[in-house]
$ cat entry-v5.pdb   # PDB, C-alpha atoms, pLDDT in the B column
MODEL        1
ATOM      1  CA  MET A   1       0.000   0.000   0.000  1.00 92.00           C
ATOM      2  CA  ILE A   2       1.226   3.495  -0.878  1.00 92.00           C
ATOM      3  CA  PRO A   3       0.388   6.142   1.762  1.00 95.00           C
ATOM      4  CA  ALA A   4      -1.590   8.979   0.194  1.00 97.00           C
ATOM      5  CA  ALA A   5      -4.000  11.752   1.144  1.00 98.00           C
ATOM      6  CA  VAL A   6      -6.697  13.767  -0.619  1.00 97.00           C
ATOM      7  CA  LEU A   7      -8.546  16.990   0.069  1.00 97.00           C
ATOM      8  CA  VAL A   8     -12.337  17.023  -0.289  1.00 97.00           C
ATOM      9  CA  PRO A   9     -12.923  20.720  -1.005  1.00 96.00           C
ATOM     10  CA  LEU A  10     -16.388  22.054  -0.197  1.00 96.00           C
ATOM     11  CA  TYR A  11     -17.212  25.680  -0.825  1.00 95.00           C
ATOM     12  CA  GLU A  12     -20.267  27.896  -0.615  1.00 98.00           C
ATOM     13  CA  ASP A  13     -21.266  30.290  -3.381  1.00 98.00           C
ATOM     14  CA  ARG A  14     -24.392  32.455  -3.059  1.00 98.00           C
ATOM     15  CA  GLY A  15     -26.092  30.078  -0.664  1.00 98.00           C
ATOM     16  CA  THR A  16     -25.273  26.871  -2.549  1.00 98.00           C
ATOM     17  CA  TRP A  17     -22.632  24.375  -1.442  1.00 98.00           C
ATOM     18  CA  TRP A  18     -20.339  22.862  -4.080  1.00 98.00           C
ATOM     19  CA  LEU A  19     -17.888  19.964  -4.110  1.00 97.00           C
ATOM     20  CA  LEU A  20     -14.692  20.436  -6.112  1.00 95.00           C
ATOM     21  CA  TYR A  21     -13.143  17.507  -7.928  1.00 92.00           C
ATOM     22  CA  THR A  22     -10.982  17.121 -11.007  1.00 92.00           C
ATOM     23  CA  ARG A  23     -11.077  15.004 -14.123  1.00 93.00           C
ATOM     24  CA  ARG A  24      -7.736  13.443 -15.005  1.00 89.00           C
ATOM     25  CA  THR A  25      -6.411  14.221 -18.462  1.00 88.00           C
ATOM     26  CA  ASP A  26      -6.298  11.577 -21.172  1.00 91.00           C
ATOM     27  CA  SER A  27      -2.535  12.151 -21.583  1.00 91.00           C
ATOM     28  CA  VAL A  28      -1.457  10.592 -18.259  1.00 86.00           C
ATOM     29  CA  ASP A  29      -0.212   7.017 -18.025  1.00 89.00           C
ATOM     30  CA  VAL A  30      -2.682   5.813 -15.405  1.00 86.00           C
ATOM     31  CA  HIS A  31      -6.267   6.637 -14.422  1.00 87.00           C
ATOM     32  CA  ARG A  32      -7.031   8.445 -17.684  1.00 91.00           C
ATOM     33  CA  GLY A  33     -10.288  10.379 -17.607  1.00 92.00           C
ATOM     34  CA  GLN A  34     -11.124   9.396 -14.038  1.00 94.00           C
ATOM     35  CA  VAL A  35     -12.698  11.828 -11.596  1.00 95.00           C
ATOM     36  CA  SER A  36     -10.660  12.439  -8.455  1.00 93.00           C
ATOM     37  CA  PHE A  37     -10.131  14.756  -5.529  1.00 95.00           C
ATOM     38  CA  PRO A  38      -6.894  16.746  -5.346  1.00 95.00           C
ATOM     39  CA  GLY A  39      -4.290  14.661  -3.579  1.00 94.00           C
ATOM     40  CA  GLY A  40      -1.583  12.093  -3.947  1.00 94.00           C
ATOM     41  CA  ARG A  41       1.261  10.178  -2.456  1.00 95.00           C
ATOM     42  CA  ILE A  42       2.798  11.311   0.823  1.00 97.00           C
ATOM     43  CA  ASP A  43       6.312  12.655   0.179  1.00 95.00           C
ATOM     44  CA  ALA A  44       9.190  12.391   2.644  1.00 94.00           C
ATOM     45  CA  ARG A  45       9.132  16.199   3.034  1.00 95.00           C
ATOM     46  CA  ASP A  46       5.472  16.155   4.175  1.00 97.00           C
ATOM     47  CA  GLN A  47       4.817  16.197   7.906  1.00 96.00           C
ATOM     48  CA  GLY A  48       1.713  14.041   7.560  1.00 96.00           C
ATOM     49  CA  PRO A  49      -1.416  13.437   5.490  1.00 97.00           C
ATOM     50  CA  VAL A  50      -2.946  16.870   6.127  1.00 97.00           C
ATOM     51  CA  GLN A  51       0.136  18.607   4.755  1.00 97.00           C
ATOM     52  CA  THR A  52       0.164  16.201   1.805  1.00 97.00           C
ATOM     53  CA  ALA A  53      -3.462  16.937   0.929  1.00 97.00           C
ATOM     54  CA  LEU A  54      -2.928  20.702   1.193  1.00 97.00           C
ATOM     55  CA  ARG A  55       0.301  20.618  -0.855  1.00 96.00           C
ATOM     56  CA  GLU A  56      -1.301  18.523  -3.576  1.00 96.00           C
ATOM     57  CA  ALA A  57      -4.395  20.757  -3.692  1.00 96.00           C
ATOM     58  CA  GLU A  58      -2.172  23.780  -4.266  1.00 97.00           C
ATOM     59  CA  GLU A  59      -0.134  21.973  -6.940  1.00 95.00           C
ATOM     60  CA  GLU A  60      -3.138  20.513  -8.772  1.00 93.00           C
ATOM     61  CA  VAL A  61      -5.848  23.153  -8.563  1.00 94.00           C
ATOM     62  CA  GLY A  62      -4.164  26.262  -7.116  1.00 95.00           C
ATOM     63  CA  ILE A  63      -5.791  26.282  -3.669  1.00 94.00           C
ATOM     64  CA  PRO A  64      -3.286  28.072  -1.393  1.00 91.00           C
TER      65      PRO A  64
ENDMDL
END

$ encode --input "entry-v5.pdb" --output "structure tokens"
Amino acid sequence: MIPAAVLVPLYEDRGTWWLLYTRRTDSVDVHRGQVSFPGGRIDARDQGPVQTALREAEEEVGIP
């Protein structure tokens, strides 16, 4: 098993709650076209799964 973490981003816009997810491009080697939450494998530099999920969300969808 590979340790990984994801962020499940919920946000409110004008009284409606939304769930943010991504669709993987068709040009990647694995999981082409699949829907996913921002996230990925825990790196050695990460201090735990929360930091991993936040780092990946910034890298993948620009959430600071």

$ resolve_selection --input "entry-v5.pdb" --expression "the PyMOL selection byres ((chain A and resi 57-60) around 10)" --output "ChimeraX atom specification"
/A:6-9,22,37-40,51-56,61-64

$ resolve_selection --input "entry-v5.pdb" --expression "the PyMOL selection byres ((chain A and resi 42) around 6)" --output "PyMOL selection string"
chain A and resi 3-4+41+43+52

$ closest_residue --input "entry-v5.pdb" --among "A:Tyr11, A:Ser36, A:Met1, A:Arg45" --to "Arg23 (chain A)" --atoms "all atoms listed in the file"
A:Ser36

$ residues_near_point --input "entry-v5.pdb" --point "(-10.2, 14.1, -17.3)" --cutoff "6 Å" --atoms "all atoms listed in the file" --output "ChimeraX atom specification"
/A:23-25,33-34

$ atom_distance --input "entry-v5.pdb" --atom1 "CA of Val50 (chain A)" --atom2 "CA of His31 (chain A)"
23.2 Å

$ atom_distance --input "entry-v5.pdb" --atom1 "CA of Ala5 (chain A)" --atom2 "CA of Pro49 (chain A)"
5.3 Å

$ atom_distance --input "entry-v5.pdb" --atom1 "CA of Trp17 (chain A)" --atom2 "CA of Gly48 (chain A)"
27.9 Å

$ axis_aligned_box --input "entry-v5.pdb" --around "region 24-32 of chain A" --padding-each-side "4 Å" --output "JSON"
{"center_x": -4.0, "center_y": 10.0, "center_z": -18.0, "size_x": 15.5, "size_y": 16.4, "size_z": 15.2}
